[in-house]
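Raw contents of structure.cif, mmCIF, N, CA and C atoms:
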data_target
#
loop_
_atom_site.label_atom_id
_atom_site.label_comp_id
_atom_site.auth_asym_id
_atom_site.auth_seq_id
_atom_site.Cartn_x
_atom_site.Cartn_y
_atom_site.Cartn_z
N TYR A 1 86.22 119.79 105.20
CA TYR A 1 84.87 119.29 105.03
C TYR A 1 84.40 119.59 103.63
N LEU A 2 83.27 119.01 103.23
CA LEU A 2 82.67 119.28 101.93
C LEU A 2 81.46 120.18 102.18
N SER A 3 81.56 121.39 101.75
CA SER A 3 80.48 122.35 102.01
C SER A 3 79.28 122.08 101.09
N GLU A 4 78.13 122.58 101.52
CA GLU A 4 76.92 122.46 100.71
C GLU A 4 77.05 123.24 99.42
N SER A 5 77.84 124.29 99.43
CA SER A 5 78.03 125.06 98.20
C SER A 5 78.91 124.30 97.19
N PHE A 6 79.72 123.37 97.68
CA PHE A 6 80.56 122.58 96.78
C PHE A 6 79.80 121.35 96.28
N VAL A 7 79.19 120.59 97.20
CA VAL A 7 78.36 119.42 96.86
C VAL A 7 77.00 119.66 97.51
N GLU A 8 76.02 120.00 96.70
CA GLU A 8 74.72 120.41 97.25
C GLU A 8 73.93 119.26 97.88
N SER A 9 73.98 118.10 97.29
CA SER A 9 73.19 116.97 97.76
C SER A 9 73.79 116.35 99.03
N ASP A 10 72.95 116.25 100.07
CA ASP A 10 73.40 115.61 101.32
C ASP A 10 73.80 114.16 101.06
N GLU A 11 73.02 113.48 100.24
CA GLU A 11 73.28 112.07 99.95
C GLU A 11 74.63 111.90 99.24
N LYS A 12 74.90 112.74 98.27
CA LYS A 12 76.18 112.66 97.55
C LYS A 12 77.34 113.03 98.46
N ARG A 13 77.12 114.02 99.31
CA ARG A 13 78.18 114.43 100.25
C ARG A 13 78.53 113.28 101.20
N MET A 14 77.52 112.61 101.73
CA MET A 14 77.75 111.48 102.64
C MET A 14 78.49 110.35 101.92
N ALA A 15 78.11 110.07 100.68
CA ALA A 15 78.78 109.02 99.90
C ALA A 15 80.24 109.40 99.66
N LEU A 16 80.49 110.67 99.39
CA LEU A 16 81.86 111.14 99.18
C LEU A 16 82.68 111.05 100.46
N TYR A 17 82.08 111.38 101.60
CA TYR A 17 82.80 111.23 102.87
C TYR A 17 83.25 109.78 103.07
N SER A 18 82.39 108.84 102.73
CA SER A 18 82.74 107.42 102.86
C SER A 18 83.91 107.06 101.94
N ARG A 19 83.89 107.57 100.73
CA ARG A 19 85.00 107.29 99.79
C ARG A 19 86.29 107.95 100.26
N ILE A 20 86.19 109.18 100.72
CA ILE A 20 87.38 109.90 101.17
C ILE A 20 88.03 109.18 102.35
N ALA A 21 87.22 108.64 103.24
CA ALA A 21 87.75 107.94 104.42
C ALA A 21 88.59 106.72 104.05
N LEU A 22 88.43 106.21 102.85
CA LEU A 22 89.16 105.02 102.41
C LEU A 22 90.42 105.33 101.62
N VAL A 23 90.70 106.59 101.35
CA VAL A 23 91.88 106.96 100.55
C VAL A 23 93.14 106.49 101.27
N SER A 24 93.93 105.65 100.58
CA SER A 24 95.09 105.07 101.25
C SER A 24 96.38 105.13 100.43
N SER A 25 96.38 105.91 99.36
CA SER A 25 97.61 106.10 98.60
C SER A 25 97.56 107.48 97.94
N ALA A 26 98.73 107.98 97.60
CA ALA A 26 98.80 109.28 96.93
C ALA A 26 98.06 109.22 95.59
N GLU A 27 98.14 108.09 94.93
CA GLU A 27 97.46 107.92 93.64
C GLU A 27 95.94 107.99 93.81
N GLU A 28 95.43 107.33 94.85
CA GLU A 28 93.98 107.38 95.10
C GLU A 28 93.53 108.79 95.44
N LYS A 29 94.33 109.49 96.22
CA LYS A 29 94.01 110.87 96.58
C LYS A 29 93.95 111.75 95.34
N THR A 30 94.94 111.62 94.47
CA THR A 30 94.99 112.40 93.23
C THR A 30 93.80 112.07 92.34
N ALA A 31 93.50 110.80 92.20
CA ALA A 31 92.38 110.38 91.35
C ALA A 31 91.05 110.92 91.87
N LEU A 32 90.85 110.82 93.19
CA LEU A 32 89.60 111.31 93.76
C LEU A 32 89.51 112.84 93.66
N SER A 33 90.63 113.52 93.87
CA SER A 33 90.66 114.98 93.71
C SER A 33 90.26 115.37 92.30
N SER A 34 90.81 114.67 91.31
CA SER A 34 90.50 114.96 89.91
C SER A 34 89.03 114.68 89.61
N GLU A 35 88.54 113.58 90.14
CA GLU A 35 87.13 113.23 89.93
C GLU A 35 86.21 114.30 90.52
N LEU A 36 86.52 114.74 91.74
CA LEU A 36 85.71 115.78 92.38
C LEU A 36 85.76 117.09 91.58
N ALA A 37 86.95 117.44 91.11
CA ALA A 37 87.10 118.66 90.33
C ALA A 37 86.31 118.58 89.02
N ASP A 38 86.32 117.40 88.39
CA ASP A 38 85.55 117.21 87.16
C ASP A 38 84.05 117.34 87.41
N MET A 39 83.61 116.81 88.55
CA MET A 39 82.18 116.80 88.85
C MET A 39 81.67 118.13 89.40
N TYR A 40 82.48 118.79 90.26
CA TYR A 40 81.97 119.93 91.00
C TYR A 40 82.76 121.22 90.81
N GLY A 41 83.87 121.16 90.08
CA GLY A 41 84.69 122.35 89.90
C GLY A 41 85.88 122.35 90.84
N LYS A 42 86.60 123.44 90.84
CA LYS A 42 87.82 123.56 91.65
C LYS A 42 87.52 123.22 93.11
N LEU A 43 88.39 122.37 93.67
CA LEU A 43 88.22 121.97 95.06
C LEU A 43 88.54 123.12 96.01
N PRO A 44 87.64 123.39 96.95
CA PRO A 44 87.96 124.38 97.98
C PRO A 44 89.06 123.83 98.89
N LYS A 45 89.76 124.71 99.55
CA LYS A 45 90.86 124.32 100.45
C LYS A 45 90.39 123.30 101.49
N GLU A 46 89.18 123.45 102.01
CA GLU A 46 88.67 122.52 103.01
C GLU A 46 88.57 121.09 102.46
N ALA A 47 88.17 120.96 101.21
CA ALA A 47 88.07 119.62 100.59
C ALA A 47 89.47 119.03 100.38
N GLU A 48 90.42 119.86 99.95
CA GLU A 48 91.80 119.39 99.80
C GLU A 48 92.36 118.93 101.14
N ASN A 49 92.08 119.70 102.19
CA ASN A 49 92.56 119.34 103.54
C ASN A 49 91.94 118.03 104.01
N LEU A 50 90.67 117.82 103.71
CA LEU A 50 89.99 116.59 104.10
C LEU A 50 90.63 115.37 103.43
N LEU A 51 90.92 115.48 102.14
CA LEU A 51 91.58 114.39 101.42
C LEU A 51 92.96 114.11 102.01
N TRP A 52 93.71 115.16 102.29
CA TRP A 52 95.04 115.02 102.87
C TRP A 52 94.95 114.35 104.24
N ALA A 53 94.03 114.79 105.07
CA ALA A 53 93.87 114.24 106.41
C ALA A 53 93.50 112.76 106.37
N ALA A 54 92.63 112.38 105.45
CA ALA A 54 92.22 110.97 105.34
C ALA A 54 93.42 110.11 104.95
N LEU A 55 94.21 110.58 104.00
CA LEU A 55 95.37 109.81 103.57
C LEU A 55 96.39 109.68 104.71
N VAL A 56 96.66 110.77 105.39
CA VAL A 56 97.62 110.73 106.51
C VAL A 56 97.13 109.77 107.59
N LYS A 57 95.88 109.84 107.94
CA LYS A 57 95.32 108.96 108.97
C LYS A 57 95.47 107.49 108.58
N ASN A 58 95.17 107.17 107.34
CA ASN A 58 95.26 105.77 106.89
C ASN A 58 96.70 105.28 106.79
N LEU A 59 97.60 106.13 106.34
CA LEU A 59 99.02 105.74 106.28
C LEU A 59 99.58 105.54 107.69
N ALA A 60 99.23 106.44 108.60
CA ALA A 60 99.70 106.32 109.98
C ALA A 60 99.16 105.04 110.62
N ALA A 61 97.92 104.73 110.39
CA ALA A 61 97.33 103.50 110.94
C ALA A 61 98.06 102.27 110.39
N ALA A 62 98.48 102.34 109.14
CA ALA A 62 99.18 101.20 108.52
C ALA A 62 100.53 100.91 109.17
N ILE A 63 101.12 101.91 109.82
CA ILE A 63 102.40 101.67 110.51
C ILE A 63 102.19 101.48 112.01
N GLY A 64 100.94 101.35 112.42
CA GLY A 64 100.64 101.05 113.81
C GLY A 64 100.39 102.24 114.71
N ALA A 65 100.29 103.43 114.15
CA ALA A 65 100.05 104.62 114.97
C ALA A 65 98.63 104.63 115.50
N LYS A 66 98.46 105.21 116.68
CA LYS A 66 97.12 105.30 117.25
C LYS A 66 96.45 106.62 116.89
N ALA A 67 97.24 107.65 116.56
CA ALA A 67 96.66 108.95 116.22
C ALA A 67 97.69 109.81 115.49
N VAL A 68 97.18 110.85 114.85
CA VAL A 68 98.02 111.85 114.19
C VAL A 68 97.50 113.21 114.62
N SER A 69 98.42 114.11 114.90
CA SER A 69 98.05 115.47 115.29
C SER A 69 98.84 116.45 114.42
N VAL A 70 98.15 117.46 113.91
CA VAL A 70 98.81 118.50 113.13
C VAL A 70 98.42 119.84 113.70
N LYS A 71 99.41 120.58 114.17
CA LYS A 71 99.19 121.92 114.70
C LYS A 71 100.23 122.82 114.06
N GLY A 72 99.77 123.68 113.18
CA GLY A 72 100.71 124.53 112.46
C GLY A 72 101.63 123.67 111.62
N GLU A 73 102.92 123.83 111.80
CA GLU A 73 103.90 123.05 111.04
C GLU A 73 104.44 121.86 111.84
N THR A 74 103.90 121.62 113.03
CA THR A 74 104.34 120.47 113.83
C THR A 74 103.34 119.34 113.68
N CYS A 75 103.82 118.23 113.18
CA CYS A 75 102.99 117.06 112.96
C CYS A 75 103.48 115.94 113.86
N LYS A 76 102.57 115.27 114.53
CA LYS A 76 102.94 114.18 115.44
C LYS A 76 102.20 112.91 115.06
N ILE A 77 102.97 111.83 115.01
CA ILE A 77 102.42 110.49 114.79
C ILE A 77 102.55 109.79 116.14
N MET A 78 101.43 109.46 116.76
CA MET A 78 101.45 108.95 118.13
C MET A 78 101.23 107.44 118.19
N PHE A 79 101.99 106.82 119.10
CA PHE A 79 101.92 105.39 119.35
C PHE A 79 101.61 105.19 120.83
N GLU A 80 100.97 104.08 121.14
CA GLU A 80 100.63 103.78 122.54
C GLU A 80 101.88 103.74 123.41
N LYS A 81 102.90 103.00 122.96
CA LYS A 81 104.15 102.87 123.70
C LYS A 81 105.30 102.87 122.71
N ALA A 82 106.49 103.16 123.19
CA ALA A 82 107.67 103.19 122.32
C ALA A 82 107.88 101.86 121.61
N ARG A 83 107.61 100.77 122.30
CA ARG A 83 107.81 99.45 121.68
C ARG A 83 106.84 99.19 120.52
N ASP A 84 105.80 100.02 120.40
CA ASP A 84 104.85 99.87 119.31
C ASP A 84 105.35 100.47 118.00
N ILE A 85 106.46 101.22 118.07
CA ILE A 85 107.01 101.82 116.85
C ILE A 85 107.83 100.75 116.14
N PRO A 86 107.41 100.35 114.93
CA PRO A 86 108.18 99.33 114.21
C PRO A 86 109.61 99.79 113.96
N GLU A 87 110.56 98.86 113.98
CA GLU A 87 111.97 99.20 113.82
C GLU A 87 112.24 99.95 112.54
N GLU A 88 111.63 99.55 111.43
CA GLU A 88 111.88 100.26 110.18
C GLU A 88 111.35 101.69 110.21
N VAL A 89 110.34 101.93 111.02
CA VAL A 89 109.83 103.29 111.20
C VAL A 89 110.83 104.09 112.02
N ALA A 90 111.30 103.51 113.12
CA ALA A 90 112.29 104.19 113.96
C ALA A 90 113.56 104.47 113.18
N SER A 91 114.00 103.53 112.34
CA SER A 91 115.21 103.77 111.56
C SER A 91 114.98 104.87 110.53
N GLY A 92 113.77 104.98 110.02
CA GLY A 92 113.44 106.07 109.10
C GLY A 92 113.52 107.42 109.80
N VAL A 93 113.11 107.45 111.06
CA VAL A 93 113.18 108.68 111.85
C VAL A 93 114.64 109.06 112.07
N ARG A 94 115.45 108.08 112.45
CA ARG A 94 116.86 108.36 112.70
C ARG A 94 117.57 108.87 111.44
N ALA A 95 117.12 108.44 110.26
CA ALA A 95 117.76 108.83 109.01
C ALA A 95 117.26 110.17 108.47
N ASP A 96 116.20 110.71 109.07
CA ASP A 96 115.59 111.93 108.55
C ASP A 96 115.73 113.05 109.58
N SER A 97 116.51 114.06 109.24
CA SER A 97 116.77 115.15 110.19
C SER A 97 115.53 115.97 110.51
N ALA A 98 114.47 115.83 109.71
CA ALA A 98 113.24 116.58 109.97
C ALA A 98 112.32 115.85 110.94
N CYS A 99 112.75 114.66 111.40
CA CYS A 99 111.93 113.85 112.30
C CYS A 99 112.61 113.72 113.66
N LEU A 100 111.79 113.54 114.66
CA LEU A 100 112.29 113.44 116.03
C LEU A 100 111.43 112.44 116.78
N LEU A 101 112.07 111.49 117.48
CA LEU A 101 111.35 110.58 118.36
C LEU A 101 111.21 111.23 119.72
N VAL A 102 110.01 111.23 120.27
CA VAL A 102 109.76 111.83 121.58
C VAL A 102 109.11 110.77 122.46
N PHE A 103 109.70 110.57 123.65
CA PHE A 103 109.18 109.55 124.57
C PHE A 103 108.60 110.23 125.80
N GLY A 104 107.50 109.69 126.27
CA GLY A 104 106.84 110.16 127.48
C GLY A 104 105.90 109.05 127.90
N PRO A 105 104.71 109.39 128.41
CA PRO A 105 103.75 108.34 128.75
C PRO A 105 103.42 107.48 127.53
N SER A 106 103.42 108.12 126.37
CA SER A 106 103.30 107.40 125.11
C SER A 106 104.51 107.81 124.28
N ALA A 107 104.56 107.40 123.05
CA ALA A 107 105.69 107.77 122.19
C ALA A 107 105.13 108.44 120.94
N CYS A 108 105.90 109.35 120.40
CA CYS A 108 105.45 109.96 119.16
C CYS A 108 106.65 110.31 118.29
N ILE A 109 106.34 110.46 117.03
CA ILE A 109 107.32 110.92 116.06
C ILE A 109 106.88 112.32 115.67
N GLU A 110 107.75 113.29 115.85
CA GLU A 110 107.45 114.66 115.42
C GLU A 110 108.10 114.90 114.08
N VAL A 111 107.32 115.46 113.17
CA VAL A 111 107.81 115.78 111.83
C VAL A 111 107.52 117.24 111.58
N SER A 112 108.50 117.96 111.07
CA SER A 112 108.34 119.38 110.80
C SER A 112 107.77 119.58 109.40
N GLY A 113 106.51 119.95 109.32
CA GLY A 113 105.88 120.27 108.04
C GLY A 113 105.00 119.16 107.50
N LYS A 114 103.87 119.57 106.90
CA LYS A 114 102.90 118.62 106.36
C LYS A 114 103.48 117.82 105.20
N ARG A 115 104.22 118.46 104.32
CA ARG A 115 104.79 117.76 103.18
C ARG A 115 105.78 116.68 103.65
N ARG A 116 106.60 117.05 104.63
CA ARG A 116 107.56 116.07 105.16
C ARG A 116 106.83 114.91 105.84
N LEU A 117 105.73 115.21 106.54
CA LEU A 117 104.93 114.16 107.16
C LEU A 117 104.44 113.18 106.10
N MET A 118 103.87 113.71 105.03
CA MET A 118 103.34 112.85 103.97
C MET A 118 104.47 112.03 103.35
N ASN A 119 105.60 112.66 103.05
CA ASN A 119 106.72 111.94 102.46
C ASN A 119 107.22 110.84 103.39
N PHE A 120 107.33 111.16 104.68
CA PHE A 120 107.78 110.16 105.66
C PHE A 120 106.82 108.97 105.69
N LEU A 121 105.52 109.23 105.75
CA LEU A 121 104.55 108.14 105.82
C LEU A 121 104.54 107.31 104.54
N LEU A 122 104.62 107.97 103.39
CA LEU A 122 104.64 107.24 102.12
C LEU A 122 105.89 106.35 102.03
N LYS A 123 107.03 106.92 102.37
CA LYS A 123 108.29 106.18 102.31
C LYS A 123 108.25 104.99 103.29
N THR A 124 107.73 105.22 104.48
CA THR A 124 107.71 104.18 105.50
C THR A 124 106.76 103.04 105.12
N THR A 125 105.59 103.36 104.61
CA THR A 125 104.65 102.28 104.23
C THR A 125 105.20 101.52 103.03
N GLN A 126 105.87 102.20 102.10
CA GLN A 126 106.48 101.50 100.97
C GLN A 126 107.61 100.59 101.44
N LYS A 127 108.43 101.08 102.36
CA LYS A 127 109.54 100.30 102.89
C LYS A 127 109.03 99.03 103.57
N ARG A 128 107.89 99.15 104.23
CA ARG A 128 107.33 97.98 104.92
C ARG A 128 106.57 97.07 103.96
N GLY A 129 106.46 97.49 102.69
CA GLY A 129 105.76 96.67 101.70
C GLY A 129 104.26 96.64 101.92
N LEU A 130 103.73 97.71 102.47
CA LEU A 130 102.30 97.74 102.77
C LEU A 130 101.52 98.23 101.56
N ASN A 131 100.51 97.49 101.22
CA ASN A 131 99.56 97.92 100.20
C ASN A 131 98.25 98.17 100.90
N ILE A 132 98.10 99.39 101.35
CA ILE A 132 96.88 99.68 102.11
C ILE A 132 95.84 100.28 101.21
#

Using the file provided, produce a representation of the structure as structure tokens.
Amino acid sequence: YLSESFVESDEKRMALYSRIALVSSAEEKTALSSELADMYGKLPKEAENLLWAALVKNLAAAIGAKAVSVKGETCKIMFEKARDIPEEVASGVRADSACLLVFGPSACIEVSGKRRLMNFLLKTTQKRGLNI
């Protein structure tokens, strides 16, 4: 989140939340991080986490995921059903030893580690030719 001690104005904080929600590439995330640092100083960990979460959510949505869950070092990209996982995404999972397809009432891709999750999503959206 963006604390009041980092961005004092409620109006500016709300405007920044709207911009953060639209971050859809690593370049946009880096640019917005730099802009925030220039305007308000070093980003607190919570602000960095918010930018990361927004990017992950948007990348996952671009490959058809319904949700993303991160608990510790286990990251899950969830789909309504196994058939909703695009073939190029499934093939990316099969090629990456840090990823695992899990089937149950819904389907998910488990990725070990936040960095690997981000790399997997970036690689997959690029492979699909998505400009989100």

With 3 Å added on each side, what axis-aligned box encloses every listed atom of region 82-98 of chain A? Give the centre and edge lengths in Å to one decimal, as JSON.
{"center_x": 111.3, "center_y": 107.7, "center_z": 115.8, "size_x": 18.9, "size_y": 23.7, "size_z": 20.7}

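Among A:Ala21, A:Ala82, A:Thr74, A:Glu28, the residue with the shortest atom-to-atom distance to Ala54 (chain A), counting only C-alpha atoms, is A:Ala21.
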
List the residues matched by the PyMOL selection byres ((chain A and resi 20) around 7) in the displayed structure as a compact mmCIF listing (two decimals) with N, CA and C atoms, in the frame of the given file, ordered by chain and then by residue number.
# COMPACT_ATOMS: atom_id res chain seq x y z
N ALA A 15 78.11 110.07 100.68
CA ALA A 15 78.78 109.02 99.90
C ALA A 15 80.24 109.40 99.66
N LEU A 16 80.49 110.67 99.39
CA LEU A 16 81.86 111.14 99.18
C LEU A 16 82.68 111.05 100.46
N TYR A 17 82.08 111.38 101.60
CA TYR A 17 82.80 111.23 102.87
C TYR A 17 83.25 109.78 103.07
N SER A 18 82.39 108.84 102.73
CA SER A 18 82.74 107.42 102.86
C SER A 18 83.91 107.06 101.94
N ARG A 19 83.89 107.57 100.73
CA ARG A 19 85.00 107.29 99.79
C ARG A 19 86.29 107.95 100.26
N ALA A 21 87.22 108.64 103.24
CA ALA A 21 87.75 107.94 104.42
C ALA A 21 88.59 106.72 104.05
N LEU A 22 88.43 106.21 102.85
CA LEU A 22 89.16 105.02 102.41
C LEU A 22 90.42 105.33 101.62
N VAL A 23 90.70 106.59 101.35
CA VAL A 23 91.88 106.96 100.55
C VAL A 23 93.14 106.49 101.27
N LEU A 50 90.67 117.82 103.71
CA LEU A 50 89.99 116.59 104.10
C LEU A 50 90.63 115.37 103.43
N LEU A 51 90.92 115.48 102.14
CA LEU A 51 91.58 114.39 101.42
C LEU A 51 92.96 114.11 102.01
N ALA A 54 92.63 112.38 105.45
CA ALA A 54 92.22 110.97 105.34
C ALA A 54 93.42 110.11 104.95
N LEU A 55 94.21 110.58 104.00
CA LEU A 55 95.37 109.81 103.57
C LEU A 55 96.39 109.68 104.71

Q: Have a look at CA of Tyr40 (chain A) and CA of Ser3 (chain A) and let me know their distance in Å, one decimal.
A: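 So the answer is 11.4 Å.
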
Set out as CSV a contact list for region 14-83 of chain A and region 108-112 of chain A with a cut-off of 6.5 Å, giving each residue of region 14-83 of chain A that qualifies its closest atom pair and distance in Å to one decimal, counting only N, CA and C atoms, ordered by chain and rising residue number.
residue,atom,partner,partner_atom,distance
A:Glu73,C,A:Ser112,C,4.7
A:Thr74,CA,A:Val111,C,5.1
A:Cys75,C,A:Val111,N,3.9
A:Lys76,CA,A:Ile109,C,4.4
A:Ile77,C,A:Ile109,N,4.0
A:Met78,CA,A:Cys108,CA,4.3
A:Phe79,N,A:Cys108,CA,4.7

Keeping only N, CA and C atoms, write the selected residues to a file as a PDB file, in the coordinates of the input.
ATOM      1  N   GLU A  73     102.920 123.830 111.800  1.00  0.00           N
ATOM      2  CA  GLU A  73     103.900 123.050 111.040  1.00  0.00           C
ATOM      3  C   GLU A  73     104.440 121.860 111.840  1.00  0.00           C
ATOM      4  N   THR A  74     103.900 121.620 113.030  1.00  0.00           N
ATOM      5  CA  THR A  74     104.340 120.470 113.830  1.00  0.00           C
ATOM      6  C   THR A  74     103.340 119.340 113.680  1.00  0.00           C
ATOM      7  N   CYS A  75     103.820 118.230 113.180  1.00  0.00           N
ATOM      8  CA  CYS A  75     102.990 117.060 112.960  1.00  0.00           C
ATOM      9  C   CYS A  75     103.480 115.940 113.860  1.00  0.00           C
ATOM     10  N   LYS A  76     102.570 115.270 114.530  1.00  0.00           N
ATOM     11  CA  LYS A  76     102.940 114.180 115.440  1.00  0.00           C
ATOM     12  C   LYS A  76     102.200 112.910 115.060  1.00  0.00           C
ATOM     13  N   ILE A  77     102.970 111.830 115.010  1.00  0.00           N
ATOM     14  CA  ILE A  77     102.420 110.490 114.790  1.00  0.00           C
ATOM     15  C   ILE A  77     102.550 109.790 116.140  1.00  0.00           C
ATOM     16  N   MET A  78     101.430 109.460 116.760  1.00  0.00           N
ATOM     17  CA  MET A  78     101.450 108.950 118.130  1.00  0.00           C
ATOM     18  C   MET A  78     101.230 107.440 118.190  1.00  0.00           C
ATOM     19  N   PHE A  79     101.990 106.820 119.100  1.00  0.00           N
ATOM     20  CA  PHE A  79     101.920 105.390 119.350  1.00  0.00           C
ATOM     21  C   PHE A  79     101.610 105.190 120.830  1.00  0.00           C
TER      22      PHE A  79
END

Q: Write out as a list in words all residues of region 54-93 of chain A that DSSP puts in alpha helix (DSSP H) for this structure's backbone.
A: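 Those in region 54-93 of chain A that DSSP calls alpha helix (DSSP H) are Ala54, Leu55, Val56, Lys57, Asn58, Leu59, Ala60, Ala61, Ala62, Glu87, Glu88, Val89, Ala90, Ser91, Gly92 and Val93 of chain A.
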
Q: I need the residue set behind the PyMOL selection byres (((chain A and resi 64 and name CA) around 12) and name CA) for this file; please write it as a PyMOL selection string.
A: chain A and resi 57-63+65-68+77-89+107-108+121+124-125+128+130

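For the residues A:Ser69, A:Ser106, A:Pro44, A:Leu122, ranking by smallest atom-to-atom distance to Glu4 (chain A) using only C-alpha atoms places A:Pro44 first.
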
As an mmCIF file, in the coordinates of the input, please: region 107-114 of chain A completed to all heavy atoms.
data_model
loop_
_atom_site.group_PDB
_atom_site.id
_atom_site.type_symbol
_atom_site.label_atom_id
_atom_site.label_comp_id
_atom_site.auth_asym_id
_atom_site.auth_seq_id
_atom_site.Cartn_x
_atom_site.Cartn_y
_atom_site.Cartn_z
ATOM 1 N N ALA A 107 104.560 107.400 123.050
ATOM 2 C CA ALA A 107 105.690 107.770 122.190
ATOM 3 C C ALA A 107 105.130 108.440 120.940
ATOM 4 O O ALA A 107 104.024 108.115 120.495
ATOM 5 C CB ALA A 107 106.479 106.532 121.814
ATOM 6 N N CYS A 108 105.900 109.350 120.400
ATOM 7 C CA CYS A 108 105.450 109.960 119.160
ATOM 8 C C CYS A 108 106.650 110.310 118.290
ATOM 9 O O CYS A 108 107.781 110.410 118.752
ATOM 10 C CB CYS A 108 104.564 111.173 119.395
ATOM 11 S SG CYS A 108 105.404 112.674 119.859
ATOM 12 N N ILE A 109 106.340 110.460 117.030
ATOM 13 C CA ILE A 109 107.320 110.920 116.060
ATOM 14 C C ILE A 109 106.880 112.320 115.670
ATOM 15 O O ILE A 109 105.731 112.519 115.253
ATOM 16 C CB ILE A 109 107.346 110.009 114.824
ATOM 17 C CG1 ILE A 109 107.757 108.599 115.230
ATOM 18 C CG2 ILE A 109 108.267 110.584 113.759
ATOM 19 C CD1 ILE A 109 107.565 107.562 114.140
ATOM 20 N N GLU A 110 107.750 113.290 115.850
ATOM 21 C CA GLU A 110 107.450 114.660 115.420
ATOM 22 C C GLU A 110 108.100 114.900 114.080
ATOM 23 O O GLU A 110 109.270 114.583 113.875
ATOM 24 C CB GLU A 110 107.988 115.673 116.433
ATOM 25 C CG GLU A 110 107.152 115.781 117.670
ATOM 26 C CD GLU A 110 107.554 116.953 118.550
ATOM 27 O OE1 GLU A 110 108.286 117.849 118.091
ATOM 28 O OE2 GLU A 110 107.125 116.938 119.710
ATOM 29 N N VAL A 111 107.320 115.460 113.170
ATOM 30 C CA VAL A 111 107.810 115.780 111.830
ATOM 31 C C VAL A 111 107.520 117.240 111.580
ATOM 32 O O VAL A 111 106.418 117.719 111.842
ATOM 33 C CB VAL A 111 107.115 114.905 110.764
ATOM 34 C CG1 VAL A 111 107.662 115.197 109.381
ATOM 35 C CG2 VAL A 111 107.250 113.427 111.090
ATOM 36 N N SER A 112 108.500 117.960 111.070
ATOM 37 C CA SER A 112 108.340 119.380 110.800
ATOM 38 C C SER A 112 107.770 119.580 109.400
ATOM 39 O O SER A 112 108.457 119.347 108.399
ATOM 40 C CB SER A 112 109.699 120.074 110.913
ATOM 41 O OG SER A 112 109.575 121.427 110.585
ATOM 42 N N GLY A 113 106.510 119.950 109.320
ATOM 43 C CA GLY A 113 105.880 120.270 108.040
ATOM 44 C C GLY A 113 105.000 119.160 107.500
ATOM 45 O O GLY A 113 105.305 117.980 107.615
ATOM 46 N N LYS A 114 103.870 119.570 106.900
ATOM 47 C CA LYS A 114 102.900 118.620 106.360
ATOM 48 C C LYS A 114 103.480 117.820 105.200
ATOM 49 O O LYS A 114 103.240 116.622 105.091
ATOM 50 C CB LYS A 114 101.649 119.359 105.900
ATOM 51 C CG LYS A 114 100.830 119.931 107.021
ATOM 52 C CD LYS A 114 99.613 120.637 106.470
ATOM 53 C CE LYS A 114 98.758 121.214 107.565
ATOM 54 N NZ LYS A 114 97.569 121.887 107.018
#
